[in-house]
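Shown next: work39.tsv, given as TSV, C-alpha atoms.
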```tsv
chain	number	residue	atom	x	y	z
A	1	MET	CA	24.77	-82.37	109.94
A	2	ALA	CA	26.05	-79.24	108.25
A	3	TYR	CA	27.06	-75.61	108.67
A	4	GLU	CA	25.06	-73.05	106.66
A	5	VAL	CA	27.30	-70.27	105.37
A	6	ASN	CA	26.30	-67.69	102.76
A	7	GLY	CA	23.65	-69.99	101.35
A	8	THR	CA	25.91	-73.02	101.03
A	9	THR	CA	25.93	-76.04	103.29
A	10	VAL	CA	29.12	-77.71	104.50
A	11	GLU	CA	28.94	-81.16	106.06
A	12	HIS	CA	30.43	-81.84	109.48
A	13	ASP	CA	30.62	-84.83	111.83
A	14	GLU	CA	28.75	-85.24	115.10
A	15	GLU	CA	31.33	-83.19	117.00
A	16	GLY	CA	31.53	-80.36	114.46
A	17	TYR	CA	34.69	-81.23	112.52
A	18	LEU	CA	34.42	-80.66	108.76
A	19	THR	CA	33.87	-83.81	106.73
A	20	ASP	CA	35.97	-82.46	103.85
A	21	ILE	CA	38.89	-80.24	104.75
A	22	ASN	CA	38.89	-78.83	101.18
A	23	GLU	CA	35.56	-77.11	101.78
A	24	TRP	CA	37.07	-74.82	104.42
A	25	ASN	CA	37.13	-71.05	104.01
A	26	GLU	CA	37.30	-68.10	106.39
A	27	ALA	CA	33.52	-67.64	106.46
A	28	ILE	CA	33.12	-71.24	107.62
A	29	ALA	CA	35.82	-70.67	110.25
A	30	LEU	CA	33.83	-67.71	111.60
A	31	GLU	CA	30.67	-69.82	111.69
A	32	ILE	CA	32.38	-72.68	113.56
A	33	ALA	CA	33.92	-70.18	116.01
A	34	LYS	CA	30.50	-68.64	116.64
A	35	GLY	CA	29.17	-72.07	117.56
A	36	GLN	CA	32.03	-72.34	120.08
A	37	ASP	CA	31.23	-68.86	121.49
A	38	LEU	CA	34.59	-67.58	120.29
A	39	GLU	CA	35.20	-64.31	118.52
A	40	MET	CA	37.97	-64.57	115.94
A	41	ASN	CA	40.63	-61.98	116.74
A	42	GLU	CA	44.15	-61.64	115.42
A	43	GLU	CA	45.63	-63.98	118.04
A	44	ARG	CA	43.11	-66.74	117.32
A	45	TRP	CA	43.63	-66.44	113.55
A	46	GLU	CA	47.36	-66.73	114.13
A	47	VAL	CA	46.93	-70.13	115.81
A	48	VAL	CA	44.33	-71.31	113.27
A	49	ASN	CA	46.56	-70.34	110.35
A	50	PHE	CA	49.53	-71.98	112.00
A	51	LEU	CA	47.56	-75.24	112.30
A	52	ARG	CA	46.49	-75.07	108.68
A	53	ASN	CA	50.06	-74.57	107.53
A	54	TYR	CA	51.25	-77.44	109.72
A	55	TYR	CA	48.58	-79.74	108.30
A	56	ASP	CA	49.42	-78.67	104.77
A	57	GLU	CA	53.06	-79.58	105.35
A	58	TYR	CA	52.68	-82.81	107.34
A	59	GLN	CA	49.11	-84.06	106.71
A	60	VAL	CA	48.51	-84.33	110.42
A	61	ALA	CA	47.08	-82.03	113.10
A	62	PRO	CA	49.81	-81.57	115.72
A	63	ALA	CA	49.36	-82.82	119.27
A	64	ILE	CA	49.05	-80.03	121.82
A	65	ARG	CA	52.62	-80.27	123.09
A	66	VAL	CA	53.95	-80.30	119.52
A	67	LEU	CA	51.85	-77.21	118.84
A	68	THR	CA	53.14	-75.32	121.89
A	69	LYS	CA	56.74	-76.23	121.09
A	70	ALA	CA	56.42	-75.15	117.46
A	71	LEU	CA	54.66	-71.90	118.43
A	72	ALA	CA	57.33	-71.14	121.02
A	73	LYS	CA	59.97	-71.55	118.37
A	74	THR	CA	58.35	-69.43	115.64
A	75	MET	CA	56.44	-66.85	117.71
A	76	GLY	CA	58.25	-66.80	121.02
A	77	PRO	CA	57.69	-68.35	124.47
A	78	GLU	CA	54.95	-65.86	125.40
A	79	LYS	CA	52.72	-67.51	122.76
A	80	GLY	CA	54.08	-71.04	122.85
A	81	ASN	CA	52.64	-72.13	126.17
A	82	ASN	CA	49.52	-73.86	127.42
A	83	LYS	CA	48.22	-70.88	129.41
A	84	TYR	CA	48.19	-68.58	126.38
A	85	LEU	CA	46.53	-71.21	124.17
A	86	TYR	CA	43.89	-72.15	126.74
A	87	GLU	CA	43.02	-68.48	127.22
A	88	LEU	CA	42.35	-68.26	123.48
A	89	PHE	CA	40.62	-71.66	123.25
A	90	PRO	CA	39.24	-72.53	126.71
A	91	TYR	CA	37.83	-75.93	125.71
A	92	GLY	CA	41.21	-77.08	124.40
A	93	PRO	CA	43.35	-75.53	121.69
A	94	ALA	CA	43.72	-78.78	119.82
A	95	LYS	CA	40.00	-79.43	119.86
A	96	GLN	CA	38.64	-75.94	119.21
A	97	ALA	CA	41.39	-74.45	117.06
A	98	CYS	CA	41.59	-77.55	114.86
A	99	MET	CA	37.83	-77.53	114.44
A	100	ILE	CA	37.85	-73.86	113.41
A	101	ALA	CA	40.79	-74.56	111.07
A	102	GLY	CA	38.73	-77.27	109.35
A	103	LEU	CA	41.20	-80.01	110.32
A	104	PRO	CA	40.35	-83.49	111.52
A	105	LYS	CA	40.39	-84.08	115.26
A	106	PRO	CA	44.04	-84.41	116.31
A	107	THR	CA	45.34	-87.96	116.64
A	108	GLY	CA	45.34	-88.98	120.27
A	109	CYS	CA	43.27	-85.99	121.35
A	110	ILE	CA	41.19	-86.74	124.42
B	111	MET	CA	57.99	-91.26	136.61
B	112	SER	CA	59.38	-94.73	136.10
B	113	GLU	CA	62.29	-95.14	133.76
B	114	ALA	CA	61.56	-94.90	130.04
B	115	LYS	CA	61.21	-98.21	128.24
B	116	LYS	CA	62.69	-98.91	124.82
B	117	PHE	CA	59.83	-99.24	122.34
B	118	LEU	CA	60.34	-100.47	118.81
B	119	TYR	CA	57.68	-100.29	116.10
B	120	VAL	CA	58.50	-102.68	113.27
B	121	ASN	CA	57.04	-101.79	109.85
B	122	ARG	CA	57.25	-104.53	107.23
B	123	ARG	CA	54.36	-103.89	104.87
B	124	ALA	CA	53.78	-101.61	101.87
B	125	PRO	CA	52.09	-98.29	102.80
B	126	TYR	CA	48.81	-98.81	100.95
B	127	GLY	CA	46.55	-101.81	100.32
B	128	THR	CA	46.32	-102.62	104.00
B	129	ILE	CA	45.81	-100.38	107.03
B	130	TYR	CA	48.94	-101.56	108.88
B	131	ALA	CA	51.31	-98.73	107.92
B	132	LEU	CA	48.87	-95.95	108.79
B	133	GLU	CA	47.81	-97.66	112.03
B	134	SER	CA	51.43	-98.06	113.05
B	135	LEU	CA	52.11	-94.39	112.38
B	136	GLU	CA	49.07	-93.31	114.40
B	137	VAL	CA	50.06	-95.50	117.34
B	138	VAL	CA	53.54	-93.96	117.22
B	139	LEU	CA	52.08	-90.43	117.27
B	140	ILE	CA	49.75	-91.23	120.17
B	141	GLY	CA	52.41	-93.17	122.07
B	142	ALA	CA	54.85	-90.27	121.71
B	143	ALA	CA	52.93	-88.48	124.48
B	144	PHE	CA	54.25	-91.01	127.00
B	145	ASP	CA	57.90	-89.94	126.74
B	146	GLN	CA	59.34	-93.38	126.09
B	147	ASP	CA	62.50	-94.23	124.15
B	148	VAL	CA	60.94	-94.88	120.74
B	149	SER	CA	62.51	-96.30	117.60
B	150	LEU	CA	61.01	-97.38	114.28
B	151	ALA	CA	62.28	-100.10	111.98
B	152	PHE	CA	61.56	-100.33	108.25
B	153	ILE	CA	62.09	-103.83	106.89
B	154	ASP	CA	60.94	-105.76	103.77
B	155	ASP	CA	58.18	-103.86	101.89
B	156	GLY	CA	58.02	-101.49	104.89
B	157	VAL	CA	60.81	-99.47	103.27
B	158	PHE	CA	58.25	-98.29	100.68
B	159	GLN	CA	56.46	-96.40	103.50
B	160	ILE	CA	59.20	-93.78	103.51
B	161	ALA	CA	59.85	-93.74	99.76
B	162	LYS	CA	60.00	-90.37	98.01
B	163	GLY	CA	57.32	-89.09	95.63
B	164	GLN	CA	54.32	-91.13	96.78
B	165	ASP	CA	51.19	-90.35	94.78
B	166	THR	CA	47.90	-91.88	95.91
B	167	LYS	CA	45.52	-89.98	93.59
B	168	SER	CA	44.59	-93.05	91.55
B	169	LEU	CA	44.07	-95.07	94.75
B	170	GLY	CA	41.62	-92.59	96.24
B	171	VAL	CA	43.27	-92.71	99.66
B	172	LYS	CA	45.17	-90.11	101.63
B	173	ASN	CA	48.91	-89.83	101.04
B	174	PHE	CA	50.11	-89.85	104.64
B	175	SER	CA	53.82	-90.03	103.81
B	176	PRO	CA	54.45	-86.35	104.76
B	177	THR	CA	53.52	-87.27	108.34
B	178	TYR	CA	56.75	-89.28	108.75
B	179	ARG	CA	58.56	-85.94	108.44
B	180	ALA	CA	56.62	-84.68	111.50
B	181	LEU	CA	57.94	-87.49	113.74
B	182	GLY	CA	60.88	-85.35	114.83
B	183	ASP	CA	58.44	-82.83	116.35
B	184	TYR	CA	57.08	-85.71	118.44
B	185	GLY	CA	60.52	-86.65	119.69
B	186	VAL	CA	60.74	-89.75	117.49
B	187	THR	CA	64.16	-89.44	115.89
B	188	LYS	CA	65.46	-92.97	115.33
B	189	LEU	CA	64.17	-94.56	112.12
B	190	TYR	CA	66.20	-97.71	111.32
B	191	VAL	CA	66.17	-98.82	107.68
B	192	GLU	CA	67.47	-102.23	106.66
B	193	LYS	CA	69.97	-101.98	103.83
B	194	GLU	CA	69.25	-105.47	102.46
B	195	SER	CA	65.53	-104.66	102.17
B	196	LEU	CA	66.36	-101.60	100.08
B	197	ALA	CA	68.78	-103.49	97.83
B	198	GLU	CA	66.38	-106.40	97.27
B	199	ARG	CA	63.83	-103.89	95.93
B	200	GLY	CA	66.26	-101.99	93.73
B	201	LEU	CA	66.12	-98.98	96.06
B	202	THR	CA	68.91	-96.80	97.36
B	203	GLU	CA	69.08	-94.31	100.23
B	204	ASP	CA	68.35	-91.54	97.69
B	205	ASP	CA	64.94	-93.08	96.93
B	206	LEU	CA	63.77	-92.31	100.48
B	207	MET	CA	62.36	-89.05	101.82
B	208	PRO	CA	64.84	-86.92	103.69
B	209	ILE	CA	63.57	-87.14	107.28
B	210	ILE	CA	65.27	-84.87	109.78
B	211	TYR	CA	64.80	-83.66	113.34
B	212	GLU	CA	65.94	-80.62	115.26
B	213	ASP	CA	68.22	-81.45	118.16
B	214	GLU	CA	67.07	-79.33	121.12
B	215	ASN	CA	70.29	-80.14	122.97
B	216	ASP	CA	72.40	-78.90	120.09
B	217	ASN	CA	70.97	-75.45	119.31
B	218	PHE	CA	68.18	-76.97	117.15
B	219	ALA	CA	70.69	-78.28	114.63
B	220	GLU	CA	68.99	-80.33	111.91
B	221	LYS	CA	70.05	-83.96	111.96
B	222	PRO	CA	68.99	-86.99	109.90
B	223	SER	CA	66.50	-89.39	111.52
B	224	LEU	CA	67.14	-92.26	109.09
B	225	ILE	CA	69.72	-94.77	110.29
B	226	PHE	CA	70.81	-97.33	107.70
B	227	VAL	CA	71.79	-100.69	109.16
B	228	ASP	CA	72.42	-104.17	107.82
B	229	ARG	CA	70.43	-107.22	108.86
B	230	ALA	CA	72.79	-108.22	111.67
B	231	GLU	CA	72.82	-104.70	113.13
B	232	MET	CA	69.02	-104.60	112.91
B	233	ALA	CA	68.77	-107.91	114.80
B	234	LYS	CA	71.10	-106.62	117.51
B	235	MET	CA	69.13	-103.37	117.87
B	236	MET	CA	65.89	-105.40	118.16
B	237	SER	CA	67.34	-107.63	120.86
B	238	GLU	CA	68.06	-104.55	122.98
B	239	GLN	CA	64.42	-103.42	123.07
B	240	ASP	CA	62.00	-103.79	125.99
B	241	ILE	CA	58.87	-103.83	123.83
B	242	VAL	CA	58.56	-104.66	120.14
B	243	LEU	CA	55.34	-103.96	118.25
B	244	SER	CA	55.11	-105.47	114.78
B	245	PHE	CA	52.90	-104.08	112.01
```

So, in terms of structure tokens, how does the structure I just supplied come out?
Amino acid sequence: MAYEVNGTTVEHDEEGYLTDINEWNEAIALEIAKGQDLEMNEERWEVVNFLRNYYDEYQVAPAIRVLTKALAKTMGPEKGNNKYLYELFPYGPAKQACMIAGLPKPTGCI
Amino acid sequence: MSEAKKFLYVNRRAPYGTIYALESLEVVLIGAAFDQDVSLAFIDDGVFQIAKGQDTKSLGVKNFSPTYRALGDYGVTKLYVEKESLAERGLTEDDLMPIIYEDENDNFAEKPSLIFVDRAEMAKMMSEQDIVLSF
């Protein structure tokens, strides 16, 4: 299974997570988001970029409560809460935002 | 909710070559969601799991050592390291990664997560646990 972006194909698993995180780019992110019926706006990019930075630093996709806590600290409580994140990513911020960010499925994500 | 139990995850094997170290770390991350009183112990070759400067390029496996530095975000802030195990391997405290956590009850002050104990102190700490999981 693969995403087709600008004439190149990028492999993904049965759920849609990229097989190789190094193949990620913004065009692929847009394609994954389209498949999730999500339009990438500034707020969604902010979360996706935050996840990518977190993964880069710690080699792990943060659990949802770790994500909300970290967002609250760096971007304020109005963004670091479940309601805000679920409005941006209705099928689960960890699931959808991580997928768009090209990260593996978060450990312990159900 | 019932009272939190004291969980200890004991790590005694080198980080690569077997799956034990990574599996232990993943169980800790998943288990962190249950708000228990979690500690980790690093004994024998387990101390290599938190050694500085790990490079797995020639092994062709992922270097997951940066993930230990994320444990503080998961509320896991007590990492006991046995002094004898370090000494027997020619290691000192400076050969380990600095692992810190932010104390929410102390204005997010950064505090060290590594606690260096000798064998007797480690045994005492183990005897005070409700559940011990060995990897």

Draw an axis-aligned box over all listed atoms of range 95-105 of chain A, pad each side with 4 Å, and write its centre and edge lengths in Å, one decimal, as AutoDock Vina command-line options.
```
--center_x 39.7 --center_y -79.0 --center_z 114.6 --size_x 11.8 --size_y 18.2 --size_z 18.5
```

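Relative to CA of Leu181 in chain B, CA of Asp154 in chain B is found at 21.0 Å.
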
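Among the candidates B:Glu220, B:Glu231, B:Glu198, B:Asp240, the residue lying nearest to Asp155 in chain B is B:Glu198 (atoms considered: all atoms listed in the file).
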
Could you list, with a cut-off of 10 Å and counting all atoms listed in the file, the residues of chain B near chain A, each shown with its nearest atom pair and the distance in Å rounded to one decimal, rows sorted by chain and ascending number, as a tab-separated table?
```
residue	atom	partner	partner_atom	distance
B:Glu136	CA	A:Thr107	CA	6.9
B:Val137	CA	A:Gly108	CA	8.6
B:Leu139	CA	A:Thr107	CA	7.2
B:Ile140	CA	A:Gly108	CA	5.0
B:Gly141	CA	A:Gly108	CA	8.4
B:Ala142	CA	A:Ala63	CA	9.6
B:Ala143	CA	A:Arg65	CA	8.3
B:Lys172	CA	A:Gln59	CA	8.8
B:Asn173	CA	A:Gln59	CA	8.1
B:Phe174	CA	A:Gln59	CA	6.2
B:Ser175	CA	A:Tyr58	CA	8.1
B:Pro176	CA	A:Tyr58	CA	4.7
B:Thr177	CA	A:Tyr58	CA	4.6
B:Tyr178	CA	A:Tyr58	CA	7.8
B:Arg179	CA	A:Tyr58	CA	6.8
B:Ala180	CA	A:Tyr58	CA	6.0
B:Leu181	CA	A:Tyr58	CA	9.5
B:Gly182	CA	A:Val66	CA	9.8
B:Asp183	CA	A:Val66	CA	6.1
B:Tyr184	CA	A:Val66	CA	6.3
B:Gly185	CA	A:Val66	CA	9.1
B:Phe218	CA	A:Lys73	CA	9.9
```

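Candidate residues B:Phe245, B:Tyr211, B:Phe158, B:Phe152 were compared for distance to Lys193 in chain B, and the nearest is B:Phe152, using only C-alpha atoms.
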
Return the single residue from B:Gly163, B:Arg123, B:Ser168, B:Ala114 that is closest to Asp145 in chain B, with distances computed using only C-alpha atoms. B:Ala114

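From CA of Leu206 in chain B back to CA of Gln159 in chain B, the distance works out to 8.9 Å.
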
re CA of Gly200 in chain B and CA of Ala124 in chain B: distance 14.9 Å

Counting only C-alpha atoms, what is within 7 Å of Val191 in chain B, bar same-chain residues fewer than 3 positions away, as number ranges by chain? B: 151-153, 157, 224-227

Using only C-alpha atoms, which residues sit within 9 Å of Trp24 in chain A once same-chain residues fewer than 4 positions away are excluded, as a CSV table (one decimal) with C-alpha atoms, keeping the file's coordinate frame?
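Below is the file result_30.csv, written as the result:
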```
chain,number,residue,atom,x,y,z
A,10,VAL,CA,29.1,-77.7,104.5
A,18,LEU,CA,34.4,-80.7,108.8
A,20,ASP,CA,36.0,-82.5,103.8
A,28,ILE,CA,33.1,-71.2,107.6
A,29,ALA,CA,35.8,-70.7,110.2
A,101,ALA,CA,40.8,-74.6,111.1
A,102,GLY,CA,38.7,-77.3,109.4
A,103,LEU,CA,41.2,-80.0,110.3
```

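Each of B:Asp228, B:Leu169, B:Ile209, B:Leu189 was checked against Tyr119 in chain B using all atoms listed in the file; the smallest atom-to-atom distance is that of B:Leu189.
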
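With all atoms listed in the file as the atoms that count, the residue of B:Phe117, B:Tyr126, B:Val148, B:Ser244 with the shortest distance to Gly170 in chain B is B:Tyr126.
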
Generate the missing atoms of range 5-35 of chain A up to N, CA and C atoms and report them as a PDB file, in the frame of the given file.
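To be explicit, this is the file written out as out-v9.pdb:
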```
ATOM      1  N   VAL A   5      26.529 -71.504 105.505  1.00  0.00           N
ATOM      2  CA  VAL A   5      27.300 -70.270 105.370  1.00  0.00           C
ATOM      3  C   VAL A   5      27.042 -69.649 104.002  1.00  0.00           C
ATOM      4  N   ASN A   6      26.566 -68.432 104.007  1.00  0.00           N
ATOM      5  CA  ASN A   6      26.300 -67.690 102.760  1.00  0.00           C
ATOM      6  C   ASN A   6      25.501 -68.531 101.763  1.00  0.00           C
ATOM      7  N   GLY A   7      24.500 -69.235 102.252  1.00  0.00           N
ATOM      8  CA  GLY A   7      23.650 -69.990 101.350  1.00  0.00           C
ATOM      9  C   GLY A   7      24.188 -71.337 100.920  1.00  0.00           C
ATOM     10  N   THR A   8      25.406 -71.684 101.346  1.00  0.00           N
ATOM     11  CA  THR A   8      25.910 -73.020 101.030  1.00  0.00           C
ATOM     12  C   THR A   8      25.957 -73.856 102.298  1.00  0.00           C
ATOM     13  N   THR A   9      25.854 -75.162 102.123  1.00  0.00           N
ATOM     14  CA  THR A   9      25.930 -76.040 103.290  1.00  0.00           C
ATOM     15  C   THR A   9      27.225 -76.842 103.243  1.00  0.00           C
ATOM     16  N   VAL A  10      27.852 -76.978 104.395  1.00  0.00           N
ATOM     17  CA  VAL A  10      29.120 -77.710 104.500  1.00  0.00           C
ATOM     18  C   VAL A  10      28.959 -78.781 105.576  1.00  0.00           C
ATOM     19  N   GLU A  11      29.145 -80.021 105.159  1.00  0.00           N
ATOM     20  CA  GLU A  11      28.940 -81.160 106.060  1.00  0.00           C
ATOM     21  C   GLU A  11      29.949 -81.195 107.196  1.00  0.00           C
ATOM     22  N   HIS A  12      29.481 -81.588 108.386  1.00  0.00           N
ATOM     23  CA  HIS A  12      30.430 -81.840 109.480  1.00  0.00           C
ATOM     24  C   HIS A  12      30.008 -83.084 110.248  1.00  0.00           C
ATOM     25  N   ASP A  13      30.930 -83.618 111.063  1.00  0.00           N
ATOM     26  CA  ASP A  13      30.620 -84.830 111.830  1.00  0.00           C
ATOM     27  C   ASP A  13      29.862 -84.454 113.100  1.00  0.00           C
ATOM     28  N   GLU A  14      29.603 -85.462 113.933  1.00  0.00           N
ATOM     29  CA  GLU A  14      28.750 -85.240 115.100  1.00  0.00           C
ATOM     30  C   GLU A  14      29.361 -84.260 116.107  1.00  0.00           C
ATOM     31  N   GLU A  15      30.687 -84.116 116.065  1.00  0.00           N
ATOM     32  CA  GLU A  15      31.330 -83.190 117.000  1.00  0.00           C
ATOM     33  C   GLU A  15      31.509 -81.793 116.414  1.00  0.00           C
ATOM     34  N   GLY A  16      31.394 -81.671 115.095  1.00  0.00           N
ATOM     35  CA  GLY A  16      31.530 -80.360 114.460  1.00  0.00           C
ATOM     36  C   GLY A  16      32.733 -80.221 113.547  1.00  0.00           C
ATOM     37  N   TYR A  17      33.539 -81.281 113.427  1.00  0.00           N
ATOM     38  CA  TYR A  17      34.690 -81.230 112.520  1.00  0.00           C
ATOM     39  C   TYR A  17      34.223 -81.386 111.077  1.00  0.00           C
ATOM     40  N   LEU A  18      34.815 -80.589 110.166  1.00  0.00           N
ATOM     41  CA  LEU A  18      34.420 -80.660 108.760  1.00  0.00           C
ATOM     42  C   LEU A  18      34.658 -82.065 108.207  1.00  0.00           C
ATOM     43  N   THR A  19      33.727 -82.510 107.370  1.00  0.00           N
ATOM     44  CA  THR A  19      33.870 -83.810 106.730  1.00  0.00           C
ATOM     45  C   THR A  19      34.961 -83.742 105.654  1.00  0.00           C
ATOM     46  N   ASP A  20      34.989 -82.623 104.921  1.00  0.00           N
ATOM     47  CA  ASP A  20      35.970 -82.460 103.850  1.00  0.00           C
ATOM     48  C   ASP A  20      36.764 -81.181 104.088  1.00  0.00           C
ATOM     49  N   ILE A  21      38.020 -81.366 104.424  1.00  0.00           N
ATOM     50  CA  ILE A  21      38.890 -80.240 104.750  1.00  0.00           C
ATOM     51  C   ILE A  21      38.968 -79.226 103.587  1.00  0.00           C
ATOM     52  N   ASN A  22      38.772 -79.711 102.351  1.00  0.00           N
ATOM     53  CA  ASN A  22      38.890 -78.830 101.180  1.00  0.00           C
ATOM     54  C   ASN A  22      37.755 -77.820 101.073  1.00  0.00           C
ATOM     55  N   GLU A  23      36.694 -78.040 101.847  1.00  0.00           N
ATOM     56  CA  GLU A  23      35.560 -77.110 101.780  1.00  0.00           C
ATOM     57  C   GLU A  23      35.744 -75.902 102.695  1.00  0.00           C
ATOM     58  N   TRP A  24      36.833 -75.879 103.438  1.00  0.00           N
ATOM     59  CA  TRP A  24      37.070 -74.820 104.420  1.00  0.00           C
ATOM     60  C   TRP A  24      37.282 -73.456 103.754  1.00  0.00           C
ATOM     61  N   ASN A  25      36.728 -72.416 104.347  1.00  0.00           N
ATOM     62  CA  ASN A  25      37.130 -71.050 104.010  1.00  0.00           C
ATOM     63  C   ASN A  25      36.928 -70.194 105.263  1.00  0.00           C
ATOM     64  N   GLU A  26      37.307 -68.934 105.184  1.00  0.00           N
ATOM     65  CA  GLU A  26      37.300 -68.100 106.390  1.00  0.00           C
ATOM     66  C   GLU A  26      35.883 -67.880 106.922  1.00  0.00           C
ATOM     67  N   ALA A  27      34.902 -67.821 106.012  1.00  0.00           N
ATOM     68  CA  ALA A  27      33.520 -67.640 106.460  1.00  0.00           C
ATOM     69  C   ALA A  27      33.062 -68.833 107.291  1.00  0.00           C
ATOM     70  N   ILE A  28      33.470 -70.032 106.866  1.00  0.00           N
ATOM     71  CA  ILE A  28      33.120 -71.240 107.620  1.00  0.00           C
ATOM     72  C   ILE A  28      33.814 -71.217 108.979  1.00  0.00           C
ATOM     73  N   ALA A  29      35.081 -70.777 108.987  1.00  0.00           N
ATOM     74  CA  ALA A  29      35.820 -70.670 110.250  1.00  0.00           C
ATOM     75  C   ALA A  29      35.076 -69.771 111.232  1.00  0.00           C
ATOM     76  N   LEU A  30      34.568 -68.642 110.741  1.00  0.00           N
ATOM     77  CA  LEU A  30      33.830 -67.710 111.600  1.00  0.00           C
ATOM     78  C   LEU A  30      32.570 -68.364 112.147  1.00  0.00           C
ATOM     79  N   GLU A  31      31.895 -69.142 111.295  1.00  0.00           N
ATOM     80  CA  GLU A  31      30.670 -69.820 111.690  1.00  0.00           C
ATOM     81  C   GLU A  31      30.948 -70.883 112.775  1.00  0.00           C
ATOM     82  N   ILE A  32      32.031 -71.663 112.570  1.00  0.00           N
ATOM     83  CA  ILE A  32      32.380 -72.680 113.560  1.00  0.00           C
ATOM     84  C   ILE A  32      32.748 -72.007 114.887  1.00  0.00           C
ATOM     85  N   ALA A  33      33.500 -70.909 114.802  1.00  0.00           N
ATOM     86  CA  ALA A  33      33.920 -70.180 116.010  1.00  0.00           C
ATOM     87  C   ALA A  33      32.709 -69.652 116.766  1.00  0.00           C
ATOM     88  N   LYS A  34      31.721 -69.163 116.017  1.00  0.00           N
ATOM     89  CA  LYS A  34      30.500 -68.640 116.640  1.00  0.00           C
ATOM     90  C   LYS A  34      29.808 -69.740 117.442  1.00  0.00           C
ATOM     91  N   GLY A  35      29.768 -70.926 116.865  1.00  0.00           N
ATOM     92  CA  GLY A  35      29.170 -72.070 117.560  1.00  0.00           C
ATOM     93  C   GLY A  35      29.930 -72.441 118.830  1.00  0.00           C
TER      94      GLY A  35
END
```
